[in-house]
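upload.cif (mmCIF, C-alpha atoms) appears below.
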data_data
loop_
_atom_site.label_atom_id
_atom_site.label_comp_id
_atom_site.auth_asym_id
_atom_site.auth_seq_id
_atom_site.Cartn_x
_atom_site.Cartn_y
_atom_site.Cartn_z
CA LYS K 231 56.15 116.59 76.53
CA THR K 232 59.57 115.82 75.08
CA ALA K 233 60.55 114.55 71.62
CA TYR K 234 63.83 113.05 70.42
CA GLU K 235 65.35 112.40 66.99
CA MET K 236 68.55 110.36 66.94
CA ALA K 237 69.56 110.96 63.28
CA MET K 238 67.90 114.32 62.90
CA GLY K 239 69.40 115.78 59.73
CA THR K 240 68.20 119.39 59.59
CA SER K 241 65.54 118.74 62.29
CA GLN K 242 62.56 119.02 59.93
CA MET K 243 60.78 116.00 61.43
CA LEU K 244 60.92 117.55 64.89
CA GLY K 245 59.71 120.84 63.43
CA CYS K 246 56.76 119.13 61.73
CA LEU K 247 55.93 117.27 64.94
CA THR K 248 55.70 120.45 67.01
CA GLU K 249 53.67 122.22 64.30
CA ARG K 250 51.25 119.31 64.06
CA ALA K 251 50.89 119.20 67.84
CA LYS K 252 50.02 122.93 67.82
CA ASP K 253 47.39 122.26 65.14
CA ILE K 254 45.78 119.68 67.42
CA ASN K 255 46.14 121.68 70.63
CA GLU K 256 47.36 125.29 70.76
CA LYS K 257 48.52 124.78 74.34
CA SER K 258 50.81 121.88 73.43
CA ASP K 259 54.40 122.35 74.55
CA ILE K 260 56.97 119.94 73.13
CA THR K 261 60.63 120.32 74.00
CA CYS K 262 62.81 118.89 71.23
CA PHE K 263 66.11 117.02 71.53
CA GLY K 264 68.25 115.62 68.76
CA GLN K 265 71.63 114.40 67.59
CA GLU K 266 73.22 114.66 64.16
CA PHE K 267 76.53 113.39 62.78
CA ASN K 268 76.92 115.53 59.63
CA PRO K 269 78.41 118.96 60.55
CA GLU K 270 76.50 120.91 57.88
CA THR K 271 73.07 119.49 58.65
CA TYR K 272 73.80 119.77 62.39
CA ALA K 273 74.49 123.49 61.93
CA ILE K 274 71.21 123.96 60.04
CA ALA K 275 69.30 122.07 62.76
CA LYS K 276 70.88 124.19 65.48
CA ALA K 277 70.04 127.40 63.60
CA ASP K 278 66.48 126.22 62.98
CA MET K 279 65.98 125.64 66.71
CA LEU K 280 67.34 129.11 67.51
CA ILE K 281 65.11 130.80 64.92
CA LYS K 282 62.04 129.04 66.30
CA GLY K 283 62.88 130.07 69.85
CA ASN K 284 63.68 126.56 71.09
CA ASP K 285 66.63 125.59 73.27
CA ALA K 286 69.47 124.96 70.82
CA ASP K 287 71.54 123.34 73.61
CA ASN K 288 69.26 120.31 73.19
CA ILE K 289 70.75 119.73 69.72
CA LYS K 290 73.97 117.70 69.94
CA SER K 291 76.67 116.88 67.42
CA GLY K 292 78.12 113.39 67.20
CA ASN K 293 77.73 109.81 66.05
CA THR K 294 74.68 108.38 67.82
CA LEU K 295 75.89 104.77 67.49
CA SER K 296 79.33 105.29 69.06
CA ASP K 297 78.89 108.55 71.00
CA ASP K 298 75.38 108.72 72.40
CA LYS K 299 74.83 112.24 73.80
CA PHE K 300 71.55 111.27 75.52
CA LYS K 301 72.71 108.16 77.34
CA ASN K 302 70.52 108.47 80.43
CA GLU K 303 67.65 110.47 78.92
CA LYS K 304 64.09 109.27 78.29
CA PHE K 305 61.51 110.92 76.05
CA ASP K 306 57.76 110.90 75.45
CA TYR K 307 58.04 110.75 71.65
CA ILE K 308 60.87 109.32 69.57
CA LEU K 309 60.91 109.64 65.80
CA SER K 310 63.55 108.96 63.21
CA ASN K 311 64.37 108.34 59.57
CA PRO K 312 67.80 106.70 60.04
CA PRO K 313 70.08 106.02 57.06
CA PHE K 314 69.35 102.86 55.08
CA GLY K 315 72.19 100.43 54.39
CA ARG K 316 74.84 102.45 56.23
CA GLU K 317 77.80 100.39 57.40
CA TRP K 318 78.70 100.56 61.08
CA LYS K 319 82.14 98.92 60.84
CA ASN K 320 83.80 102.16 61.99
CA ASP K 321 81.63 102.00 65.12
CA LYS K 322 82.07 98.24 65.57
CA LYS K 323 84.10 98.29 68.79
CA ALA K 324 81.86 100.82 70.53
CA VAL K 325 78.70 98.97 69.44
CA GLU K 326 80.00 95.54 70.44
CA ASP K 327 81.22 96.88 73.81
CA GLU K 328 77.75 98.26 74.49
CA ALA K 329 76.11 95.02 73.34
CA LYS K 330 78.11 93.19 76.04
CA LEU K 331 76.25 95.23 78.65
CA GLY K 332 73.08 93.33 77.77
CA ALA K 333 69.98 95.03 79.16
CA GLY K 334 72.24 97.74 80.61
CA GLY K 335 73.09 99.02 77.12
CA ARG K 336 71.25 99.78 73.90
CA PHE K 337 72.26 96.78 71.82
CA GLY K 338 71.75 93.83 74.15
CA TYR K 339 68.97 92.20 72.10
CA GLY K 340 71.12 91.43 69.06
CA LEU K 341 73.37 92.97 66.40
CA PRO K 342 72.43 93.39 62.73
CA ALA K 343 74.84 92.74 59.87
CA VAL K 344 77.70 95.24 59.83
CA GLY K 345 76.54 96.49 56.40
CA ASP K 346 73.32 98.04 57.71
CA GLY K 347 72.90 99.88 61.02
CA GLN K 348 69.15 100.58 60.83
CA MET K 349 68.29 98.17 63.62
CA LEU K 350 70.90 99.78 65.88
CA PHE K 351 68.95 103.02 65.57
CA LEU K 352 65.75 101.07 66.28
CA GLN K 353 67.25 99.71 69.49
CA THR K 354 68.46 103.20 70.42
CA ALA K 355 64.88 104.43 70.10
CA ILE K 356 63.64 101.65 72.39
CA ALA K 357 66.34 102.48 74.94
CA ARG K 358 65.08 106.10 75.06
CA MET K 359 61.51 105.09 76.02
CA LYS K 360 60.15 106.17 79.39
CA GLU K 361 59.03 103.42 81.73
CA PRO K 362 55.26 102.76 81.57
CA SER K 363 55.07 103.88 85.22
CA GLN K 364 56.38 107.27 84.04
CA GLY K 365 53.77 107.49 81.27
CA GLY K 366 55.52 105.40 78.63
CA SER K 367 56.56 106.48 75.13
CA LYS K 368 55.68 106.15 71.47
CA ILE K 369 58.11 105.64 68.59
CA ALA K 370 57.68 106.23 64.85
CA ILE K 371 60.70 105.15 62.80
CA ILE K 372 61.06 104.80 59.04
CA HIS K 373 62.88 101.76 57.64
CA ASN K 374 63.30 100.11 54.29
CA GLY K 375 62.28 96.45 53.94
CA SER K 376 65.50 95.01 55.36
CA PRO K 377 64.64 95.13 59.10
CA LEU K 378 61.39 93.28 58.34
CA PHE K 379 62.95 90.11 56.97
CA THR K 380 66.74 90.04 57.01
CA GLY K 381 68.39 87.27 59.05
CA ASP K 382 67.32 83.72 59.88
CA ALA K 383 65.68 82.74 63.15
CA GLY K 384 68.30 83.03 65.87
CA SER K 385 70.32 85.68 64.01
CA GLY K 386 70.90 89.17 65.40
CA PRO K 387 68.13 90.88 63.38
CA SER K 388 65.68 88.08 64.21
CA GLU K 389 66.50 88.31 67.90
CA ILE K 390 65.83 92.08 67.83
CA ARG K 391 62.42 91.45 66.22
CA ARG K 392 61.79 88.69 68.77
CA TYR K 393 62.52 91.05 71.67
CA ILE K 394 60.16 93.68 70.25
CA LEU K 395 57.33 91.18 69.74
CA GLU K 396 57.78 89.28 73.01
CA HIS K 397 57.76 92.57 74.94
CA ASP K 398 54.64 93.65 73.03
CA LEU K 399 56.19 96.90 71.78
CA LEU K 400 55.08 96.82 68.13
CA GLU K 401 51.75 98.50 67.42
CA ALA K 402 51.76 98.83 63.65
CA ILE K 403 53.81 98.74 60.46
CA ILE K 404 52.64 100.99 57.61
CA ALA K 405 53.82 100.23 54.07
CA LEU K 406 54.33 103.60 52.35
CA PRO K 407 54.14 104.35 48.61
CA ASN K 408 57.36 104.04 46.63
CA ASP K 409 59.24 107.09 45.33
CA ILE K 410 58.31 109.50 48.15
CA PHE K 411 61.90 110.26 49.23
CA TYR K 412 64.22 112.27 47.00
CA ASN K 413 67.26 110.08 47.69
CA THR K 414 65.71 106.61 47.29
CA GLY K 415 62.94 104.94 45.32
CA ILE K 416 62.80 101.72 47.34
CA ALA K 417 59.93 100.52 49.53
CA THR K 418 59.74 102.14 52.96
CA TYR K 419 57.76 101.43 56.12
CA ILE K 420 56.82 103.27 59.29
CA TRP K 421 57.20 101.16 62.43
CA VAL K 422 55.00 102.42 65.28
CA LEU K 423 56.08 101.17 68.71
CA SER K 424 54.67 101.83 72.16
CA ASN K 425 55.12 100.56 75.71
CA LYS K 426 51.74 102.01 76.70
CA LYS K 427 49.42 100.10 74.35
CA GLU K 428 45.71 100.55 74.88
CA GLN K 429 43.95 97.36 75.94
CA ARG K 430 42.56 96.40 72.51
CA ARG K 431 46.05 96.54 70.97
CA LYS K 432 47.77 94.38 73.56
CA GLY K 433 49.32 91.27 72.04
CA LYS K 434 48.44 92.49 68.52
CA VAL K 435 50.21 93.98 65.49
CA GLN K 436 48.41 96.01 62.82
CA LEU K 437 49.76 95.95 59.25
CA ILE K 438 48.55 98.79 57.02
CA ASN K 439 49.14 98.77 53.27
CA ALA K 440 49.24 102.43 52.22
CA ASN K 441 51.26 101.60 49.11
CA GLU K 442 48.67 103.02 46.71
CA MET K 443 47.82 106.14 48.74
CA TYR K 444 49.75 108.74 46.76
CA GLU K 445 49.53 111.24 43.94
CA LYS K 446 52.09 111.84 41.22
CA ARG K 447 54.20 114.99 41.44
CA ARG K 448 54.14 117.31 38.45
CA LYS K 449 57.92 117.55 38.66
CA SER K 450 60.21 114.92 40.16
CA LEU K 451 62.69 115.85 42.88
CA GLY K 452 65.47 113.29 42.47
CA ASN K 453 63.82 109.94 43.20
CA LYS K 454 60.81 111.68 44.73
CA ARG K 455 58.09 111.24 42.12
CA ASN K 456 55.11 110.84 44.45
CA ASP K 457 53.52 112.71 47.36
CA ILE K 458 51.13 111.54 50.08
CA PRO K 459 48.39 114.23 50.01
CA LYS K 460 46.64 115.37 53.17
CA HIS K 461 43.46 113.37 52.53
CA TYR K 462 45.51 110.15 52.39
CA ILE K 463 47.50 111.14 55.49
CA ASP K 464 44.17 111.59 57.27
CA GLU K 465 42.92 108.24 55.94
CA ILE K 466 46.05 106.35 57.03
CA THR K 467 45.85 108.00 60.46
CA GLN K 468 42.17 107.06 60.77
CA ILE K 469 42.83 103.43 59.75
CA TYR K 470 45.51 103.23 62.43
CA ALA K 471 43.23 104.84 65.03
CA ASP K 472 40.23 102.63 64.17
CA PHE K 473 42.29 99.44 64.63
CA THR K 474 39.89 97.35 62.54
CA GLN K 475 40.47 95.00 59.62
CA ASN K 476 39.65 95.98 56.05
CA GLU K 477 41.21 95.56 52.62
CA VAL K 478 44.32 97.54 53.61
CA SER K 479 44.45 96.82 57.37
CA LYS K 480 45.20 93.40 58.84
CA ILE K 481 45.56 92.57 62.53
CA PHE K 482 47.64 89.65 63.79
CA ASP K 483 48.60 88.15 67.13
CA ASN K 484 52.24 88.68 68.14
CA GLU K 485 52.69 84.90 68.12
CA ASP K 486 51.87 84.78 64.38
CA PHE K 487 55.32 86.26 63.68
CA GLY K 488 57.31 83.80 65.81
CA TYR K 489 59.09 80.82 64.26
CA SER K 490 62.16 78.65 64.65
CA LYS K 491 64.55 77.29 62.06
CA ILE K 492 64.85 73.50 62.33
CA VAL K 493 67.64 71.55 60.61
CA VAL K 494 66.41 68.33 59.01
CA GLU K 495 69.10 65.67 58.64
CA ARG K 496 69.08 62.47 56.57
CA PRO K 497 71.57 59.65 57.10
CA GLN K 498 74.45 58.51 54.93
CA LYS K 499 73.79 55.04 53.53
CA ASP K 500 76.02 52.18 52.52
CA GLU K 501 75.84 50.37 49.18
CA ASN K 502 72.99 48.21 50.53
CA GLY K 503 70.94 51.27 51.42
CA ASN K 504 71.37 50.89 55.17
CA PRO K 505 72.13 53.92 57.39
CA ILE K 506 75.80 54.27 58.32
CA LEU K 507 76.17 54.36 62.10
CA LYS K 508 78.83 55.86 64.34
CA SER K 509 78.64 55.24 68.10
CA ASN K 510 75.29 53.62 67.33
CA LYS K 511 73.90 56.85 65.82
CA PRO K 512 73.21 57.63 62.13
CA VAL K 513 75.85 59.74 60.39
CA ALA K 514 74.30 62.79 58.70
CA ASP K 515 74.65 63.22 54.93
CA THR K 516 75.50 66.91 54.64
CA ASN K 517 74.53 66.89 50.93
CA LEU K 518 70.94 66.07 51.94
CA ARG K 519 70.70 68.58 54.79
CA ASP K 520 67.61 70.77 54.70
CA THR K 521 65.90 73.35 56.90
CA GLU K 522 62.30 74.12 57.77
CA ASN K 523 60.92 77.32 59.30
#
Rewrite the structure of this file - the entire thing - as C-alpha cells.
Amino acid sequence: KTAYEMAMGTSQMLGCLTERAKDINEKSDITCFGQEFNPETYAIAKADMLIKGNDADNIKSGNTLSDDKFKNEKFDYILSNPPFGREWKNDKKAVEDEAKLGAGGRFGYGLPAVGDGQMLFLQTAIARMKEPSQGGSKIAIIHNGSPLFTGDAGSGPSEIRRYILEHDLLEAIIALPNDIFYNTGIATYIWVLSNKKEQRRKGKVQLINANEMYEKRRKSLGNKRNDIPKHYIDEITQIYADFTQNEVSKIFDNEDFGYSKIVVERPQKDENGNPILKSNKPVADTNLRDTEN
C-alpha cells in the first residue's frame, strides 16, 4: 500500500502509520510519500526516511498549494495535519488558476477565505484518492472547527462541504479533546473520508464526541496539557468500527447537513401602509431584509 502526507512536517505521522500497520500485520508494506514547505522540517523528514530504510526520493520539498509535487499520483492512505488559519494570499494566483480547471484540478469545488487554507489541503487530499475501481482510498485529516461551519450556503467553504456530502465521501468526524497539541489549545477534529464505504455507511455520517477522552499530563508541553491514552484510542477506534449510536456516537443521513439560505424580503410602504410598487412589483425595504437557513 501507499501513504501520502501533504504537509508532513518531520514525517512523524507517516512513521506512526507504518509502525501501527506493522503492529496489526507484520507483513504490511507501506511506501510513504510526502511534501513539506519548511526547509528544516523537510530535512528532518528526509533524514528520518533514510534512517528507517525508506526511499527518501519520495519526500519532496515545496509548497503543496502552489507547487504540487504529486500532481498525477494516487494513494491508498492520505493523512494530514495541515496548518490552521494560514493565509494563502501568496499562492492566490496558482490556486485560482487551478480552480478554473474545475474537476481537472484540485480546487474546482470551491475556494475558502484567503485567510485560511485548510480546506485547500482537504481538497488536495480528495484529489489524491484512487478511483474505487482501483481499490479506493481513505483519508484522515485534522482540522480546527473552521471547516465545519465557516461560510454561508453557496459560499466556497459550503460548496466544498456540499461536494463531499453529495459524493458520499465523509465517513466520520471525531471531536478530539482540547489542549492535545503543543502549539494550539483550540478544539480540533479528525475528518475521516473514504470513496470505498462499506454498505452500512453509505449515505451516512458518524459524529463521535471524544472530547472527554483524555488524561492530564504531569507537565505541560506548550499548549499541550492533555494526552489521549491508549485505552481511549482503542475505545474511539472501536466506536468508529462499531458504527452504532450511543451517548458519544451519533449517525446522520448526508441530507441532514444540506440547507439553502433564503432571502426574505418585505415591501416598502407608503404613508397609508400600502406596498410601494414599481413595474407592478413590490419594492423591497432593505432595512427589513432577513434570511432563513
Query - Shortest interatomic distance to Thr474 in chain K - which of K:Gln436, K:Asn456, K:Gln364, K:Ser490, counting all atoms listed in the file - result: K:Gln436
Compute the distance from (67.4, 101.6, 56.3) to each atom, counting all atoms listed in the file, keep the residues with any atom at most 7 Å away, and return them as a short mmCIF file (atom, residue, chain, number, x, y, z; two decimals) with C-alpha atoms, in the coordinates of the input; use the coordinates of the file.
data_model
loop_
_atom_site.label_atom_id
_atom_site.label_comp_id
_atom_site.auth_asym_id
_atom_site.auth_seq_id
_atom_site.Cartn_x
_atom_site.Cartn_y
_atom_site.Cartn_z
CA PRO K 312 67.80 106.70 60.04
CA PRO K 313 70.08 106.02 57.06
CA PHE K 314 69.35 102.86 55.08
CA GLY K 315 72.19 100.43 54.39
CA GLN K 348 69.15 100.58 60.83
CA HIS K 373 62.88 101.76 57.64
CA ASN K 374 63.30 100.11 54.29
CA SER K 376 65.50 95.01 55.36
#
Requested in this report: Counting only C-alpha atoms, figure out which residue out of K:Lys449, K:Ile481, K:Ile390, K:Asp297 gets nearest to Leu341 in chain K.
Outcome: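 For Leu341 in chain K, the nearest of the candidates is K:Ile390.
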Requested in this report: Given the file shown, determine the residues that the PyMOL selection byres ((chain K and resi 402-416) around 9) selects; report them as a ChimeraX atom specification.
Outcome: /K:374-375,400-401,417-423,434-444,450-458,466,470,481
Query raised in the report: Could you pull the residues within 8 Å of Thr294 in chain K, counting only C-alpha atoms, minus those fewer than 6 positions along the same chain, as a PyMOL selection string?
Result: chain K and resi 236-237+265-267
Query - Residue neighbourhood Lys322 in chain K, 10 Å, only C-alpha atoms, exclusion window fewer than 4 positions, as a list of chain:residue names - result: K:Leu295, K:Ser296, K:Glu317, K:Trp318, K:Glu326, K:Asp327, K:Glu328, K:Val344
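The list of residues with at least one atom within 12 Å of Glu249 in chain K, based on only C-alpha atoms and without residues fewer than 4 positions apart in the same chain, reads Gln242, Met243, Leu244, Gly245, Asp253, Ile254, Asn255, Glu256, Lys257, Ser258, Asp259, Ile260, Cys262 and Lys282 of chain K.
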Query raised in the report: Restricting the calculation to all atoms listed in the file, which member of K:Thr232, K:Thr271, K:Asn523, K:Asn502 is positioned closest to Gly488 in chain K?
Result: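 Closest to Gly488 in chain K, using all atoms listed in the file: K:Asn523.
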Report task. Rounded to one decimal place, report the CA of Asp483 in chain K-CA of Leu399 in chain K distance in Å. Result -> 12.5 Å
Report task. Convert the output of the PyMOL selection byres ((chain K and resi 268) around 9) on the shown file into explicit residues, formatted as number ranges by chain. Result -> K: 239, 266-267, 269-273, 291-293
Query raised in the report: For His397 in chain K, which of K:Asn320, K:Asn510, K:Asn484, K:Gln475 is the closest residue, counting only C-alpha atoms?
Result: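 Residue with the minimum atom-to-atom distance to His397 in chain K: K:Asn484.
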Query raised in the report: Got a sec to check which residues sit within 12 Å of (70.2, 61.4, 61.5), counting all atoms listed in the file, and write them as a PyMOL selection string?
Result: chain K and resi 493-499+505-508+510-516+518-520
Requested in this report: Compare K:Ser310, K:Ser385, K:Gln429, K:Asn284 by their minimum atom-to-atom distance to Ile372 in chain K, counting all atoms listed in the file, and give me the closest one.
Outcome: K:Ser310
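Here CA of Asp398 in chain K is placed at a distance of 11.4 Å from CA of Glu428 in chain K.
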Query raised in the report: Between K:Ala343, K:Ile308, K:Gly433, K:Lys427, which one has atoms that come closest to Asp382 in chain K, using all atoms listed in the file?
Result: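 Ranking K:Ala343, K:Ile308, K:Gly433, K:Lys427 by distance to Asp382 in chain K, first place goes to K:Ala343.
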Query raised in the report: If the PyMOL selection byres ((chain K and resi 358-363) around 7) is run on the structure shown, which residues does it catch, given as a PyMOL selection string?
Result: chain K and resi 303-306+354-357+364-367+425-426
Query raised in the report: CA of Leu350 in chain K to CA of Tyr307 in chain K: how many Å, to one decimal?
Result: 17.9 Å
